Every structure is written in C-alpha cells, then in structure tokens.
Amino acid sequence: MDLAYIPSPSTGVINLGPVPLRGYAFCIIIGVFVAVWYGNKRWIARGGRAGTVADIAVWAVPFGLVGGRLYHVITDYQLYFSEGENWVDAFKIWEGGLGIWGAIAFGAVGAWIGCRRRGIPLPAYADAIAPGIAFAQAIGRWGNWFNQELYGKPTDLPWALEISEGVNRAEGLYHPTFLYESLWCVGVALLVIWADRRFTLGHGRAFALYVAAYCAGRVWTEYLRIDDAHHILGLRLNVWTAIVVFALAVAYIAISSRLRPGREEVVEPSGAEVTAAKDVTDAVDLSKAPDASDDSKASDASEASDPDSGAGSEPEAVTEPGTAGKERDGEPADSGSAGKS
C-alpha cells in the first residue's frame, strides 16, 4: 500500500546551468499562461478582439502578485518580523507565500485600469477569464507540492502525502490539501463553463460564481490544514474570509440578475466601429470649424448689398444710336453694328 503514497520532491529547484528553475515559480507562470490563453478564447467567442486579454493581463498579473504577497505577509507577519526572523525574506516570493484573496483583489484593480484604458467593461472581462483563473489556481497549487508546504492533518489514506524532515515540518504522512484544492479548482472551472453556457451569464455573474464556488471548497480544505494561522472565534482567518467573500459573491449574483439580466451584447468595439466613431467625431469637428468659402460668400453678399459698391446691379444695356427702336419693333439692327459688343 505504500506504493500509493504521493512522494514529495527532494528539492523544489532544478538548476539549468547557472539558472535556477524553481518549481513554485514555474507553476505560477504556467498557470498565468493558461489563464490568459483560455481567457482569450472565451473573449473572442463573446465578440472581443484577439490580444485584448493579454494586454489587460499586463496590468492584472503584476498587481495580483503584489496583492497576493501583501496578504500573505500581513496575515503571517510573524514569519518575517518576529524575533529571530529576517524581514528580507518577505520579498522572496519564489519561496512560496501568495494569498489568493489579495491576489484576486489587487488583480481586479489592475484589470480595471487595463479595461478603462481600452474602454472595456470590467465585468465582461472578468466573466471571460473566470474559468482560466480557476485552472491557473489548480496548476499553481502544485507549487506547494514542490515546496512541501500547506499540507493537511496526518493520515494513513492510500493517497497520503509523504513529507520529509525540514524547517518547520516533521516527517510523516499527511492529507495532500494541495491536491484536494487543485482538483476542486478544476471542478470550479468546469462548473463556470457549464453554467455560463446553460444560463448565459453576464455582467460579472460568471466571475461571481467562480468566487462563490472556490470559497465553498476553500472552507473544507482550510479546515484540514495544520500550518500556523491566526484564529478568530476558533476558526482560521482564511475560513472567515472565505465565508464573507462567499456571501458577497452570492449576493452579487442575486442582485445583478434582477438589475441587469442577460449578457452584454457588445464587450469590445470592433476596429470598424472605432474608425466610424472617429470619423463621426472628425466630421463634427469640421462642421464647427469656419469655412473659407463661407467667408468669401459672405463678403460677396455684403458687396452685393452695398448700394455704393455698384456690385449686384445689372449693367445697363448699351446700344448704338438708332438701333433701339428697330429692335423694339422686331427689325434687325444695322449690319454695321454686328461684332460690336
């Protein structure tokens, strides 16, 4: 039965020559690429343009990393600022320690900035990338396996995780909470994809469903964990956070469904629409600009209306003596007057 146990890697770093490849960072990077790739496919399917998701991710990802690290450092400050600890370790993100709550919150701020710069509604963008984020979390959790961290209570189940002796950890068999959460995140992604197709979710409701479903799973995986954490009324801080965020997500779905049913018809203006809008704007600007031809017409009109200028009055007919009467009587004029004009 021991063959069924999940072994832990002897090291979380693979040295490619002088370049160290850390398993935790590698999993995070792979997860980001998957989220952007799949989010781009969903964005295009909803009428957006290719590349928009990646452009906005340039803002969202750095903000998310900073937010995730800040949440971890603030909630586990004793690991970095207590006696005997080195506060510089707070910047060593490659050693693990990203709080999903801070990552999503700060990432949303970065996404909002990117969406605002492109004139895109943030809820529509969030709906498109929601399943991709869940897939990214599923991949990122394997980074905890490389670091042998965030495992659960001791167990003798066939799929128990083998943990080796190390700093702040004892050798033994434990619940592989990283695996539980990874599988749960895959299920969350599939749930959002199905619900989005079945109920045509829009205006941020697909993202809210992802948040609610993830929080539901986080409560029970958090209950299994034995790493140090702050407790409030007997519950771990992350459990309380999951409960509060779950309630907010469900409330958003209910209220949004009543206020803004259906889905956005247009999530991003097409290139032709942008050009057309620009042409209309240019046309309006030109219509407001003074026209030189209008000035000349106005000048001609003023000259015509000026009695002293002589302009505007028809020239008097000039006839030769003796011809006026004949022309009035219908007789031809003298041949000698021909060609004189």
# chains A, B, ... in the order shown; residues from 1 in each chain; ligands from 1
$ residues_around --residues "Val88 (chain A)" --least-positions-apart "5" --cutoff "12 Å" --atoms "only C-alpha atoms" --output "NGL selection string"
:A and (73 or 79-81 or 93)
$ write_last_selection --atoms "N, CA, C and O atoms" --output "short mmCIF file (atom, residue, chain, number, x, y, z; two decimals), in the first residue's frame"
data_model
loop_
_atom_site.label_atom_id
_atom_site.label_comp_id
_atom_site.auth_asym_id
_atom_site.auth_seq_id
_atom_site.Cartn_x
_atom_site.Cartn_y
_atom_site.Cartn_z
N VAL A 73 2.03 38.23 3.68
CA VAL A 73 2.97 38.82 4.65
C VAL A 73 2.22 39.45 5.82
O VAL A 73 2.63 39.33 6.98
N LEU A 79 6.17 35.30 10.55
CA LEU A 79 7.20 34.55 9.83
C LEU A 79 8.34 35.44 9.36
O LEU A 79 9.41 34.94 8.99
N TYR A 80 8.12 36.76 9.37
CA TYR A 80 9.12 37.67 8.81
C TYR A 80 9.57 38.76 9.78
O TYR A 80 10.67 39.30 9.64
N PHE A 81 8.73 39.10 10.75
CA PHE A 81 9.04 40.25 11.59
C PHE A 81 9.14 39.91 13.07
O PHE A 81 9.28 40.81 13.90
N ILE A 93 9.49 35.92 -2.93
CA ILE A 93 8.23 35.35 -3.37
C ILE A 93 8.41 33.96 -3.95
O ILE A 93 7.49 33.15 -3.95
#
$ select_by_dssp --residues "region 88-284 of chain A" --states "strand (DSSP E)" --output "PyMOL selection string"
chain A and resi 161-163+172-174+231-232+235-236
$ write_last_selection --atoms "N, CA and C atoms" --output "PDB file, in the first residue's frame"
ATOM      1  N   LEU A 161       0.212  12.144   1.524  1.00  0.00           N
ATOM      2  CA  LEU A 161       1.390  12.851   1.020  1.00  0.00           C
ATOM      3  C   LEU A 161       2.574  12.617   1.952  1.00  0.00           C
ATOM      4  N   GLU A 162       3.681  12.194   1.393  1.00  0.00           N
ATOM      5  CA  GLU A 162       4.896  11.987   2.178  1.00  0.00           C
ATOM      6  C   GLU A 162       5.651  13.305   2.323  1.00  0.00           C
ATOM      7  N   ILE A 163       5.870  13.695   3.538  1.00  0.00           N
ATOM      8  CA  ILE A 163       6.615  14.919   3.831  1.00  0.00           C
ATOM      9  C   ILE A 163       7.918  14.533   4.519  1.00  0.00           C
ATOM     10  N   GLY A 172       6.459  12.622   7.865  1.00  0.00           N
ATOM     11  CA  GLY A 172       5.241  11.853   8.106  1.00  0.00           C
ATOM     12  C   GLY A 172       4.342  11.822   6.895  1.00  0.00           C
ATOM     13  N   LEU A 173       3.130  11.274   7.089  1.00  0.00           N
ATOM     14  CA  LEU A 173       2.110  11.174   6.042  1.00  0.00           C
ATOM     15  C   LEU A 173       0.964  12.109   6.386  1.00  0.00           C
ATOM     16  N   TYR A 174       0.589  12.940   5.426  1.00  0.00           N
ATOM     17  CA  TYR A 174      -0.405  13.976   5.675  1.00  0.00           C
ATOM     18  C   TYR A 174      -1.412  14.038   4.515  1.00  0.00           C
ATOM     19  N   HIS A 231      -6.447  32.699  14.386  1.00  0.00           N
ATOM     20  CA  HIS A 231      -7.792  32.180  14.607  1.00  0.00           C
ATOM     21  C   HIS A 231      -8.695  33.273  15.181  1.00  0.00           C
ATOM     22  N   ILE A 232      -9.937  33.263  14.742  1.00  0.00           N
ATOM     23  CA  ILE A 232     -10.953  34.176  15.260  1.00  0.00           C
ATOM     24  C   ILE A 232     -12.166  33.323  15.643  1.00  0.00           C
ATOM     25  N   LEU A 235     -11.982  29.703  14.543  1.00  0.00           N
ATOM     26  CA  LEU A 235     -11.830  29.384  13.132  1.00  0.00           C
ATOM     27  C   LEU A 235     -10.630  30.114  12.550  1.00  0.00           C
ATOM     28  N   ARG A 236      -9.974  29.465  11.603  1.00  0.00           N
ATOM     29  CA  ARG A 236      -8.842  30.092  10.935  1.00  0.00           C
ATOM     30  C   ARG A 236      -9.288  31.341  10.180  1.00  0.00           C
TER      31      ARG A 236
END
$ closest_residue --among "A:Gly119, A:Gly110, A:Gly143, A:Gly84" --to "Leu98 (chain A)" --atoms "only C-alpha atoms"
A:Gly143
$ residues_around --residues "region 194-198 of chain A" --least-positions-apart "3" --cutoff "12 Å" --atoms "only C-alpha atoms" --output "ChimeraX atom specification"
/A:42,45-46,127-131,187-191,201-210,213,262-263
$ closest_residue --among "A:Ile133, A:Val58, A:Ile6, A:Cys115" --to "Asp156 (chain A)" --atoms "only C-alpha atoms"
A:Ile6
